[in-house]
Amino acid sequence: MHIPTHTLKTQKNLHTWAGILCALFLTICFLSGALALYADTIDRWATPPQPVHHATPDNSAAHIRAVLAVHPEAAASLTLHYADHAPAPISWTDKTGDEHWATLDGDALHTHHYPHNPLGAQANLLHQTAGIPGTIGGESLGLLIMGIIAVLYTLALVSGTILYLPTLIADHFALRSDKSPRRAWLDTHNLLGLTGLPFHLIIAATTAVFAYHDLIYDGMDNLLPPEQHMKNHHAPPPVASREKANLDRLILPPALIKTARQQRPDLTITRITYRGLDNPQRAGAVLLGNIQNESRPARLVINPYSGDIRYNSLKNDGYTPIINTFFHLHLGDYGGSLLRAAYFILALMGAALFYTGNLLWLDKRPARGTFARTRIRMAALSTGITLGSINGIALAFLAARSLRHLPLAPAITNTATYYTAFLASAAYALWHTHNPTTREPETLPSALANRPSRYLLTPRGNAHAAIHLTRCAAWLTLAIPVTSLLGAAHIPPYYLRTDTLGVDITALILGFALHHIARTSQRRLARARKDSVWYSAPKERPPSGTNTGST
């Protein structure tokens with residue numbers, strides 16, 4: 001296929017700069033996004049096993065009355081659990097945000113405080129924000145930035161595909177490991193990019209929708225019927241108590257479930273959350289349920305006093321399927337467990353795509369002039385951020401079980417360990433760039449041999465940092481299933497959960513994969529060109545009189 005030279009040049013510049021600007025953010029999002037696909041399973045893995053007790057429609061009213069009689073503050077947010085993994089039939093959140101659980105034995109209400117670790121939910125938050133803190137106008141700053149990144153990401157995908165078209169037939173599925181290390185990296189990058197292209201286009205488009213959903217949904221609300229307005233997707237947040245919950249007027253779960261099944265007879269309700277029962281005008285009952293052969297839960301929001309449906313995701317009109325399609329495409333829950341596993345693998349491949357893309361571009365830049373040190377530092381950032389994300393996530397998994405008895409909220413422990421490992425990895429990679437050596441003029445190309453010595457610096461360290469951090473990631477990841485083995489041996493504070501063994505098996509596979517990558521990379525980097533960001537110069541004292549100042 002022939003493409004004009006000027007078109008290829010334009011697409012190359014577009015692909016380069018769009019990729020450089022968004023790759024570091026996307027690496028974090030794709031790594032954590034792979035985990036977010038199994039957020040509920042990861043939450044259970046990080047939480048000690050508890051006996052499961054479910055409510056039934058017949059005893060729901062008794063549970064509600066018993067809890068509100070003793071704990072009137074529960075009117076702000078009260079949940080009945082029917083078919084999820086809850087350790088008690090009913091739970092509520094107090095004013096401080098602490099969650100409480102209760103069971104009803106005859107007329108006696110027994111309250112409990114079960115430990116719950118939101119590790120999977122935090123992985124999902126990391127996926128949405130790339131770890132960028134802060135809010136603007138009530139919206140997450142990280143999510144807004146990722147909306148911009150998604151647009152640049154789309155440009156990089158399209159331009160990269162156009163660049164690859166002329167050699168598509170000859171080079172696709174080619175992995176020329178017998179050539180230079182850079183050729184092997186390039187073939188890997190192209191293979192990952194083209195193979196996952198449909199997946200990446202889907203993720204880019206849906207990410208932009210999620211990032212600016214308020215603007216999009218506000219526009220769609222002008223066309224939707226009232227019960228489909230996206231502002232009604234959630235019940236109103238809890239408000240200060242204004243009056244006692246009116247149990248005489250309250251629509252109880254059996255009637256709510258009947259209303260829901262009028263929409264879909266095959267709907268199975270998993271839980272019902274009453275919110276704002278102390279404010280009848282703002283009150284809402286959120287019903288979550290499962291539909292046969294569909295992974296994404298159905299959602300209805302009903303006013304528990306008037307019976308008005310405020311939001312209904314089951315509505316079969318021209319608009320609701322459009323909204324649901326974006327969620328299904330982004331989360332991969334429209335094809336069962338096999339498709340979700342495929343999304344998991346594609347997400348990890350995506351992270352590798354961005355990592356190899358950045359390093360390929362940096363490795364191709366000239367190793368001279370004022371850009372020499374900058375390219376080394378950018379390579380170190382790419383290495384540190386990518387492997388730092390893996391190290392941070394793996395350490396958060398270990399902390400979820402190893403530090404669960406600390407007098408800290410699990411969310412705080414998870415966040416602290418993630419950012420500690422992430423920042424330490426990035427700092428370690430950058431620290432290695434401050435160890436330059438001087439290359440002898442005769443080892444340089446003739447065009448550089450007579451230039452001032454500031455052009456002759458070869459910072460060592462990116463290769464070292466990449467190998468060390470990859471090995472660290474491998475050992476941390478392999479330690480995750482070890483916690484289950486220790487739990488099986490009844491060694492505190494560890495435990496074994498047979499319903500989440502998939503997490504341990506996946507960590508074991510990924511740990512060995514990282515170990516293999518470390519060994520393979522070490523062999524490849526030993527053959528790196530002297531002007532490569534991967535070149536590891538031997539330690540030596542600079543010759544007398546040589547200027548080793550900053551480039």
# chains A, B, ... in the order shown; residues from 1 in each chain; ligands from 1
$ residues_around --residues "A:Tyr153" --least-positions-apart "3" --cutoff "12 Å" --atoms "only C-alpha atoms" --output "mmCIF file with all heavy atoms, in the first residue's frame"
data_model
loop_
_atom_site.group_PDB
_atom_site.id
_atom_site.type_symbol
_atom_site.label_atom_id
_atom_site.label_comp_id
_atom_site.auth_asym_id
_atom_site.auth_seq_id
_atom_site.Cartn_x
_atom_site.Cartn_y
_atom_site.Cartn_z
ATOM 1 N N LEU A 14 2.271 13.266 14.649
ATOM 2 C CA LEU A 14 1.055 13.175 15.455
ATOM 3 C C LEU A 14 1.113 11.972 16.385
ATOM 4 O O LEU A 14 0.794 12.067 17.581
ATOM 5 C CB LEU A 14 -0.161 13.081 14.534
ATOM 6 C CG LEU A 14 -1.542 13.042 15.198
ATOM 7 C CD1 LEU A 14 -1.792 14.302 16.011
ATOM 8 C CD2 LEU A 14 -2.629 12.874 14.140
ATOM 9 N N HIS A 15 1.539 10.846 15.858
ATOM 10 C CA HIS A 15 1.622 9.626 16.660
ATOM 11 C C HIS A 15 2.648 9.776 17.777
ATOM 12 O O HIS A 15 2.404 9.371 18.927
ATOM 13 C CB HIS A 15 2.005 8.458 15.746
ATOM 14 C CG HIS A 15 2.086 7.144 16.461
ATOM 15 N ND1 HIS A 15 0.978 6.464 16.904
ATOM 16 C CD2 HIS A 15 3.164 6.382 16.822
ATOM 17 C CE1 HIS A 15 1.352 5.339 17.500
ATOM 18 N NE2 HIS A 15 2.672 5.263 17.461
ATOM 19 N N THR A 16 3.773 10.387 17.446
ATOM 20 C CA THR A 16 4.843 10.541 18.429
ATOM 21 C C THR A 16 4.403 11.391 19.610
ATOM 22 O O THR A 16 4.479 10.974 20.766
ATOM 23 C CB THR A 16 6.082 11.160 17.769
ATOM 24 O OG1 THR A 16 6.591 10.243 16.807
ATOM 25 C CG2 THR A 16 7.147 11.461 18.809
ATOM 26 N N TRP A 17 3.935 12.596 19.334
ATOM 27 C CA TRP A 17 3.645 13.519 20.425
ATOM 28 C C TRP A 17 2.376 13.165 21.176
ATOM 29 O O TRP A 17 2.295 13.334 22.396
ATOM 30 C CB TRP A 17 3.607 14.955 19.892
ATOM 31 C CG TRP A 17 4.970 15.404 19.496
ATOM 32 C CD1 TRP A 17 5.456 15.594 18.240
ATOM 33 C CD2 TRP A 17 6.065 15.652 20.377
ATOM 34 N NE1 TRP A 17 6.780 15.948 18.272
ATOM 35 C CE2 TRP A 17 7.188 16.003 19.577
ATOM 36 C CE3 TRP A 17 6.235 15.608 21.758
ATOM 37 C CZ2 TRP A 17 8.424 16.314 20.120
ATOM 38 C CZ3 TRP A 17 7.478 15.923 22.294
ATOM 39 C CH2 TRP A 17 8.545 16.268 21.482
ATOM 40 N N ALA A 18 1.368 12.672 20.472
ATOM 41 C CA ALA A 18 0.161 12.220 21.177
ATOM 42 C C ALA A 18 0.496 11.039 22.077
ATOM 43 O O ALA A 18 0.022 10.952 23.219
ATOM 44 C CB ALA A 18 -0.927 11.841 20.181
ATOM 45 N N GLY A 19 1.336 10.128 21.565
ATOM 46 C CA GLY A 19 1.721 8.973 22.372
ATOM 47 C C GLY A 19 2.559 9.351 23.573
ATOM 48 O O GLY A 19 2.333 8.863 24.682
ATOM 49 N N ILE A 20 3.534 10.240 23.389
ATOM 50 C CA ILE A 20 4.406 10.652 24.487
ATOM 51 C C ILE A 20 3.595 11.327 25.592
ATOM 52 O O ILE A 20 3.809 11.095 26.786
ATOM 53 C CB ILE A 20 5.498 11.608 23.976
ATOM 54 C CG1 ILE A 20 6.547 10.825 23.170
ATOM 55 C CG2 ILE A 20 6.159 12.362 25.116
ATOM 56 C CD1 ILE A 20 7.374 9.882 24.004
ATOM 57 N N LEU A 21 2.639 12.173 25.209
ATOM 58 C CA LEU A 21 1.873 12.933 26.195
ATOM 59 C C LEU A 21 0.948 12.054 27.031
ATOM 60 O O LEU A 21 0.703 12.352 28.201
ATOM 61 C CB LEU A 21 1.057 14.025 25.489
ATOM 62 C CG LEU A 21 1.856 15.197 24.913
ATOM 63 C CD1 LEU A 21 0.961 16.104 24.092
ATOM 64 C CD2 LEU A 21 2.521 15.990 26.040
ATOM 65 N N CYS A 22 0.427 10.981 26.445
ATOM 66 C CA CYS A 22 -0.598 10.223 27.174
ATOM 67 C C CYS A 22 -0.125 8.869 27.667
ATOM 68 O O CYS A 22 -0.813 8.243 28.482
ATOM 69 C CB CYS A 22 -1.843 10.053 26.316
ATOM 70 S SG CYS A 22 -1.627 9.061 24.826
ATOM 71 N N ALA A 23 1.038 8.399 27.234
ATOM 72 C CA ALA A 23 1.443 7.022 27.531
ATOM 73 C C ALA A 23 1.594 6.762 29.025
ATOM 74 O O ALA A 23 1.159 5.724 29.534
ATOM 75 C CB ALA A 23 2.750 6.692 26.809
ATOM 76 N N LEU A 24 2.210 7.690 29.754
ATOM 77 C CA LEU A 24 2.459 7.454 31.173
ATOM 78 C C LEU A 24 1.157 7.348 31.959
ATOM 79 O O LEU A 24 1.022 6.513 32.859
ATOM 80 C CB LEU A 24 3.342 8.569 31.746
ATOM 81 C CG LEU A 24 4.739 8.683 31.124
ATOM 82 C CD1 LEU A 24 5.527 9.785 31.797
ATOM 83 C CD2 LEU A 24 5.489 7.358 31.234
ATOM 84 N N PHE A 25 0.181 8.208 31.631
ATOM 85 C CA PHE A 25 -1.117 8.144 32.303
ATOM 86 C C PHE A 25 -1.841 6.843 31.951
ATOM 87 O O PHE A 25 -2.421 6.185 32.811
ATOM 88 C CB PHE A 25 -1.984 9.336 31.896
ATOM 89 C CG PHE A 25 -1.441 10.666 32.302
ATOM 90 C CD1 PHE A 25 -0.708 11.438 31.415
ATOM 91 C CD2 PHE A 25 -1.650 11.160 33.586
ATOM 92 C CE1 PHE A 25 -0.210 12.666 31.786
ATOM 93 C CE2 PHE A 25 -1.151 12.387 33.965
ATOM 94 C CZ PHE A 25 -0.421 13.152 33.071
ATOM 95 N N LEU A 26 -1.812 6.499 30.673
ATOM 96 C CA LEU A 26 -2.554 5.323 30.219
ATOM 97 C C LEU A 26 -1.970 4.023 30.764
ATOM 98 O O LEU A 26 -2.706 3.063 31.002
ATOM 99 C CB LEU A 26 -2.570 5.282 28.691
ATOM 100 C CG LEU A 26 -3.429 6.350 28.016
ATOM 101 C CD1 LEU A 26 -3.216 6.341 26.510
ATOM 102 C CD2 LEU A 26 -4.900 6.150 28.338
ATOM 103 N N THR A 27 -0.663 3.994 30.970
ATOM 104 C CA THR A 27 -0.054 2.791 31.545
ATOM 105 C C THR A 27 -0.663 2.488 32.903
ATOM 106 O O THR A 27 -1.033 1.346 33.199
ATOM 107 C CB THR A 27 1.470 2.980 31.676
ATOM 108 O OG1 THR A 27 2.028 3.210 30.376
ATOM 109 C CG2 THR A 27 2.110 1.754 32.284
ATOM 110 N N MET A 146 -8.118 12.612 32.234
ATOM 111 C CA MET A 146 -8.136 11.388 31.430
ATOM 112 C C MET A 146 -9.064 11.522 30.223
ATOM 113 O O MET A 146 -8.886 10.830 29.218
ATOM 114 C CB MET A 146 -8.549 10.190 32.279
ATOM 115 C CG MET A 146 -7.482 9.754 33.284
ATOM 116 S SD MET A 146 -5.825 9.618 32.576
ATOM 117 C CE MET A 146 -6.079 8.404 31.295
ATOM 118 N N GLY A 147 -10.070 12.408 30.305
ATOM 119 C CA GLY A 147 -10.897 12.674 29.129
ATOM 120 C C GLY A 147 -10.076 13.289 28.008
ATOM 121 O O GLY A 147 -10.224 12.919 26.831
ATOM 122 N N ILE A 148 -9.200 14.233 28.362
ATOM 123 C CA ILE A 148 -8.301 14.833 27.364
ATOM 124 C C ILE A 148 -7.324 13.791 26.835
ATOM 125 O O ILE A 148 -7.062 13.706 25.622
ATOM 126 C CB ILE A 148 -7.543 16.028 27.987
ATOM 127 C CG1 ILE A 148 -8.532 17.096 28.468
ATOM 128 C CG2 ILE A 148 -6.547 16.621 26.999
ATOM 129 C CD1 ILE A 148 -7.899 18.215 29.247
ATOM 130 N N ILE A 149 -6.798 12.988 27.756
ATOM 131 C CA ILE A 149 -5.863 11.933 27.366
ATOM 132 C C ILE A 149 -6.520 10.964 26.388
ATOM 133 O O ILE A 149 -5.888 10.487 25.431
ATOM 134 C CB ILE A 149 -5.358 11.184 28.609
ATOM 135 C CG1 ILE A 149 -4.529 12.106 29.506
ATOM 136 C CG2 ILE A 149 -4.551 9.968 28.218
ATOM 137 C CD1 ILE A 149 -3.270 12.623 28.884
ATOM 138 N N ALA A 150 -7.802 10.675 26.594
ATOM 139 C CA ALA A 150 -8.510 9.738 25.718
ATOM 140 C C ALA A 150 -8.566 10.258 24.288
ATOM 141 O O ALA A 150 -8.450 9.486 23.328
ATOM 142 C CB ALA A 150 -9.927 9.482 26.249
ATOM 143 N N ALA A 156 -3.350 9.033 18.574
ATOM 144 C CA ALA A 156 -2.154 8.198 18.489
ATOM 145 C C ALA A 156 -2.478 6.850 17.847
ATOM 146 O O ALA A 156 -1.694 6.322 17.051
ATOM 147 C CB ALA A 156 -1.562 7.997 19.886
ATOM 148 N N LEU A 157 -3.637 6.303 18.167
ATOM 149 C CA LEU A 157 -4.025 5.012 17.590
ATOM 150 C C LEU A 157 -4.217 5.106 16.080
ATOM 151 O O LEU A 157 -3.705 4.280 15.312
ATOM 152 C CB LEU A 157 -5.319 4.527 18.242
ATOM 153 C CG LEU A 157 -5.243 4.047 19.687
ATOM 154 C CD1 LEU A 157 -6.649 3.807 20.222
ATOM 155 C CD2 LEU A 157 -4.418 2.779 19.788
ATOM 156 N N VAL A 158 -4.951 6.125 15.648
ATOM 157 C CA VAL A 158 -5.252 6.262 14.225
ATOM 158 C C VAL A 158 -3.985 6.548 13.432
ATOM 159 O O VAL A 158 -3.723 5.931 12.390
ATOM 160 C CB VAL A 158 -6.309 7.368 14.014
ATOM 161 C CG1 VAL A 158 -6.519 7.612 12.527
ATOM 162 C CG2 VAL A 158 -7.631 6.979 14.688
ATOM 163 N N SER A 159 -3.178 7.489 13.935
ATOM 164 C CA SER A 159 -1.954 7.840 13.208
ATOM 165 C C SER A 159 -0.966 6.674 13.188
ATOM 166 O O SER A 159 -0.276 6.444 12.189
ATOM 167 C CB SER A 159 -1.308 9.081 13.837
ATOM 168 O OG SER A 159 -1.043 8.871 15.216
ATOM 169 N N GLY A 160 -0.888 5.927 14.277
ATOM 170 C CA GLY A 160 0.006 4.771 14.308
ATOM 171 C C GLY A 160 -0.413 3.698 13.316
ATOM 172 O O GLY A 160 0.428 3.061 12.676
ATOM 173 N N GLY A 193 -0.044 -3.209 19.287
ATOM 174 C CA GLY A 193 -0.922 -2.131 18.856
ATOM 175 C C GLY A 193 -1.958 -2.568 17.845
ATOM 176 O O GLY A 193 -3.150 -2.258 17.991
ATOM 177 N N LEU A 197 -6.127 -3.166 18.417
ATOM 178 C CA LEU A 197 -6.660 -1.899 17.916
ATOM 179 C C LEU A 197 -8.162 -1.740 18.167
ATOM 180 O O LEU A 197 -8.588 -0.693 18.677
ATOM 181 C CB LEU A 197 -6.341 -1.748 16.431
ATOM 182 C CG LEU A 197 -6.826 -0.438 15.779
ATOM 183 C CD1 LEU A 197 -6.168 0.768 16.441
ATOM 184 C CD2 LEU A 197 -6.531 -0.460 14.283
ATOM 185 N N HIS A 200 -8.702 -0.939 21.808
ATOM 186 C CA HIS A 200 -8.232 0.394 22.202
ATOM 187 C C HIS A 200 -9.173 1.488 21.701
ATOM 188 O O HIS A 200 -9.401 2.483 22.400
ATOM 189 C CB HIS A 200 -6.819 0.621 21.670
ATOM 190 C CG HIS A 200 -5.780 -0.172 22.397
ATOM 191 N ND1 HIS A 200 -5.337 0.168 23.648
ATOM 192 C CD2 HIS A 200 -5.100 -1.300 22.056
ATOM 193 C CE1 HIS A 200 -4.423 -0.697 24.049
ATOM 194 N NE2 HIS A 200 -4.272 -1.605 23.102
ATOM 195 N N LEU A 201 -9.696 1.341 20.510
ATOM 196 C CA LEU A 201 -10.641 2.337 19.993
ATOM 197 C C LEU A 201 -11.908 2.372 20.848
ATOM 198 O O LEU A 201 -12.454 3.445 21.124
ATOM 199 C CB LEU A 201 -10.982 2.025 18.538
ATOM 200 C CG LEU A 201 -9.855 2.237 17.524
ATOM 201 C CD1 LEU A 201 -10.277 1.758 16.145
ATOM 202 C CD2 LEU A 201 -9.451 3.719 17.469
ATOM 203 N N ILE A 202 -12.368 1.214 21.284
ATOM 204 C CA ILE A 202 -13.548 1.151 22.158
ATOM 205 C C ILE A 202 -13.259 1.846 23.483
ATOM 206 O O ILE A 202 -14.055 2.666 23.971
ATOM 207 C CB ILE A 202 -13.948 -0.319 22.393
ATOM 208 C CG1 ILE A 202 -14.553 -0.910 21.119
ATOM 209 C CG2 ILE A 202 -14.931 -0.441 23.555
ATOM 210 C CD1 ILE A 202 -14.789 -2.410 21.207
ATOM 211 N N ILE A 203 -12.126 1.538 24.086
ATOM 212 C CA ILE A 203 -11.787 2.127 25.390
ATOM 213 C C ILE A 203 -11.613 3.638 25.272
ATOM 214 O O ILE A 203 -12.073 4.396 26.136
ATOM 215 C CB ILE A 203 -10.503 1.480 25.945
ATOM 216 C CG1 ILE A 203 -10.724 -0.018 26.193
ATOM 217 C CG2 ILE A 203 -10.068 2.167 27.221
ATOM 218 C CD1 ILE A 203 -11.832 -0.335 27.161
ATOM 219 N N ALA A 204 -10.963 4.101 24.202
ATOM 220 C CA ALA A 204 -10.742 5.538 24.032
ATOM 221 C C ALA A 204 -12.068 6.284 23.914
ATOM 222 O O ALA A 204 -12.278 7.324 24.556
ATOM 223 C CB ALA A 204 -9.876 5.786 22.793
ATOM 224 N N ALA A 205 -12.977 5.762 23.094
ATOM 225 C CA ALA A 205 -14.259 6.443 22.883
ATOM 226 C C ALA A 205 -15.099 6.459 24.155
ATOM 227 O O ALA A 205 -15.671 7.491 24.529
ATOM 228 C CB ALA A 205 -15.028 5.757 21.752
ATOM 229 N N THR A 206 -15.169 5.324 24.845
ATOM 230 C CA THR A 206 -15.999 5.268 26.048
ATOM 231 C C THR A 206 -15.384 6.048 27.206
ATOM 232 O O THR A 206 -16.111 6.583 28.045
ATOM 233 C CB THR A 206 -16.225 3.804 26.471
ATOM 234 O OG1 THR A 206 -14.961 3.130 26.589
ATOM 235 C CG2 THR A 206 -17.067 3.076 25.439
ATOM 236 N N THR A 207 -14.062 6.141 27.257
ATOM 237 C CA THR A 207 -13.420 6.935 28.316
ATOM 238 C C THR A 207 -13.787 8.400 28.178
ATOM 239 O O THR A 207 -14.062 9.086 29.177
ATOM 240 C CB THR A 207 -11.892 6.771 28.258
ATOM 241 O OG1 THR A 207 -11.558 5.404 28.486
ATOM 242 C CG2 THR A 207 -11.212 7.638 29.319
ATOM 243 N N ALA A 208 -13.788 8.912 26.965
ATOM 244 C CA ALA A 208 -14.170 10.303 26.755
ATOM 245 C C ALA A 208 -15.608 10.551 27.210
ATOM 246 O O ALA A 208 -15.924 11.589 27.802
ATOM 247 C CB ALA A 208 -14.004 10.671 25.281
ATOM 248 N N GLY A 350 -2.163 -3.549 26.602
ATOM 249 C CA GLY A 350 -2.186 -2.100 26.376
ATOM 250 C C GLY A 350 -1.126 -1.387 27.178
ATOM 251 O O GLY A 350 -0.445 -0.480 26.668
ATOM 252 N N LEU A 353 2.042 -1.853 25.511
ATOM 253 C CA LEU A 353 2.091 -1.053 24.285
ATOM 254 C C LEU A 353 2.595 0.353 24.573
ATOM 255 O O LEU A 353 3.472 0.878 23.873
ATOM 256 C CB LEU A 353 0.695 -1.000 23.664
ATOM 257 C CG LEU A 353 0.512 -0.064 22.461
ATOM 258 C CD1 LEU A 353 1.212 -0.646 21.245
ATOM 259 C CD2 LEU A 353 -0.965 0.147 22.173
ATOM 260 N N PHE A 354 2.064 0.990 25.616
ATOM 261 C CA PHE A 354 2.464 2.359 25.931
ATOM 262 C C PHE A 354 3.902 2.417 26.434
ATOM 263 O O PHE A 354 4.652 3.337 26.104
ATOM 264 C CB PHE A 354 1.513 2.940 26.984
ATOM 265 C CG PHE A 354 0.066 2.802 26.615
ATOM 266 C CD1 PHE A 354 -0.854 2.268 27.504
ATOM 267 C CD2 PHE A 354 -0.386 3.178 25.359
ATOM 268 C CE1 PHE A 354 -2.178 2.111 27.158
ATOM 269 C CE2 PHE A 354 -1.710 3.028 25.001
ATOM 270 C CZ PHE A 354 -2.613 2.498 25.906
#
$ closest_residue --among "A:His515, A:His464, A:Arg271, A:Arg377" --to "A:Ser60" --atoms "only C-alpha atoms"
A:Arg271
$ residues_around --residues "stretch 100-110 of chain A" --least-positions-apart "4" --cutoff "8 Å" --atoms "only C-alpha atoms" --output "list of chain:residue names"
A:His63, A:Ala66, A:Val67, A:Pro87, A:Ala88, A:Pro89, A:Ile90, A:Ser91, A:Trp92, A:Thr93, A:Asp94, A:Tyr114
$ residues_around --residues "A:Ala83" --least-positions-apart "6" --cutoff "9 Å" --atoms "only C-alpha atoms" --output "list of chain:residue names"
A:His54, A:Ala55, A:Thr268, A:Ile269, A:Thr270, A:Arg271, A:Gly289
$ closest_residue --among "A:Leu37, A:Thr374, A:Ala130, A:Leu346" --to "A:Thr386" --atoms "only C-alpha atoms"
A:Ala130
$ residues_around --residues "A:Ile291" --least-positions-apart "5" --cutoff "12 Å" --atoms "only C-alpha atoms" --output "list in words"
Ala260, Arg261, Gln263, Arg264, Pro265, Asp266, Leu267, Thr268, Ile269, Thr270, Arg296, Pro297, Ala298, Arg299, Ser313, Leu314 and Tyr334 of chain A
$ write_last_selection --atoms "N, CA and C atoms" --output "mmCIF file, in the first residue's frame"
data_model
loop_
_atom_site.group_PDB
_atom_site.id
_atom_site.type_symbol
_atom_site.label_atom_id
_atom_site.label_comp_id
_atom_site.auth_asym_id
_atom_site.auth_seq_id
_atom_site.Cartn_x
_atom_site.Cartn_y
_atom_site.Cartn_z
ATOM 1 N N ALA A 260 -40.186 -3.964 40.361
ATOM 2 C CA ALA A 260 -39.021 -4.205 39.513
ATOM 3 C C ALA A 260 -39.263 -5.351 38.546
ATOM 4 N N ARG A 261 -39.887 -6.401 38.997
ATOM 5 C CA ARG A 261 -40.107 -7.563 38.138
ATOM 6 C C ARG A 261 -41.200 -7.328 37.105
ATOM 7 N N GLN A 263 -40.917 -4.867 35.244
ATOM 8 C CA GLN A 263 -40.082 -4.398 34.149
ATOM 9 C C GLN A 263 -39.386 -5.575 33.448
ATOM 10 N N ARG A 264 -38.862 -6.522 34.261
ATOM 11 C CA ARG A 264 -38.195 -7.709 33.726
ATOM 12 C C ARG A 264 -38.496 -8.893 34.632
ATOM 13 N N PRO A 265 -39.306 -9.841 34.191
ATOM 14 C CA PRO A 265 -39.649 -10.984 35.043
ATOM 15 C C PRO A 265 -38.444 -11.825 35.460
ATOM 16 N N ASP A 266 -37.361 -11.802 34.659
ATOM 17 C CA ASP A 266 -36.195 -12.623 34.973
ATOM 18 C C ASP A 266 -35.182 -11.894 35.846
ATOM 19 N N LEU A 267 -35.583 -10.787 36.460
ATOM 20 C CA LEU A 267 -34.691 -9.993 37.306
ATOM 21 C C LEU A 267 -34.575 -10.613 38.693
ATOM 22 N N THR A 268 -33.333 -10.778 39.165
ATOM 23 C CA THR A 268 -33.062 -11.261 40.523
ATOM 24 C C THR A 268 -32.450 -10.124 41.328
ATOM 25 N N ILE A 269 -33.133 -9.679 42.358
ATOM 26 C CA ILE A 269 -32.655 -8.562 43.175
ATOM 27 C C ILE A 269 -31.549 -9.049 44.107
ATOM 28 N N THR A 270 -30.412 -8.348 44.099
ATOM 29 C CA THR A 270 -29.293 -8.706 44.974
ATOM 30 C C THR A 270 -29.259 -7.851 46.239
ATOM 31 N N ARG A 296 -23.696 -6.947 33.603
ATOM 32 C CA ARG A 296 -23.872 -5.652 34.244
ATOM 33 C C ARG A 296 -25.173 -5.651 35.040
ATOM 34 N N PRO A 297 -25.132 -5.228 36.319
ATOM 35 C CA PRO A 297 -26.355 -5.248 37.128
ATOM 36 C C PRO A 297 -27.384 -4.236 36.644
ATOM 37 N N ALA A 298 -28.640 -4.607 36.805
ATOM 38 C CA ALA A 298 -29.745 -3.686 36.515
ATOM 39 C C ALA A 298 -29.924 -2.754 37.705
ATOM 40 N N ARG A 299 -30.437 -1.562 37.445
ATOM 41 C CA ARG A 299 -30.603 -0.572 38.513
ATOM 42 C C ARG A 299 -31.945 0.135 38.358
ATOM 43 N N SER A 313 -32.961 1.472 34.534
ATOM 44 C CA SER A 313 -32.010 1.054 33.491
ATOM 45 C C SER A 313 -32.580 -0.047 32.603
ATOM 46 N N LEU A 314 -33.750 -0.568 32.968
ATOM 47 C CA LEU A 314 -34.360 -1.645 32.184
ATOM 48 C C LEU A 314 -35.305 -1.122 31.124
ATOM 49 N N TYR A 334 -20.477 -7.765 28.451
ATOM 50 C CA TYR A 334 -21.552 -8.141 27.538
ATOM 51 C C TYR A 334 -21.324 -9.515 26.921
#
$ closest_residue --among "A:Leu277, A:Leu250, A:Ile323, A:Ile145" --to "A:Tyr305" --atoms "only C-alpha atoms"
A:Leu250
$ closest_residue --among "A:Thr483, A:Asn391, A:Ser382, A:Thr500" --to "A:Thr420" --atoms "only C-alpha atoms"
A:Asn391
$ select_by_dssp --residues "stretch 253-435 of chain A" --states "strand (DSSP E or B)" --output "list in words"
Leu267, Thr268, Ile269, Thr270, Arg271, Ile272, Thr273, Tyr274, Arg275, Gly284, Ala285, Val286, Leu287, Leu288, Gly289, Asn290, Ile291, Ala298, Arg299, Leu300, Val301, Ile302, Ile309, Arg310, Tyr311 and Asn312 of chain A
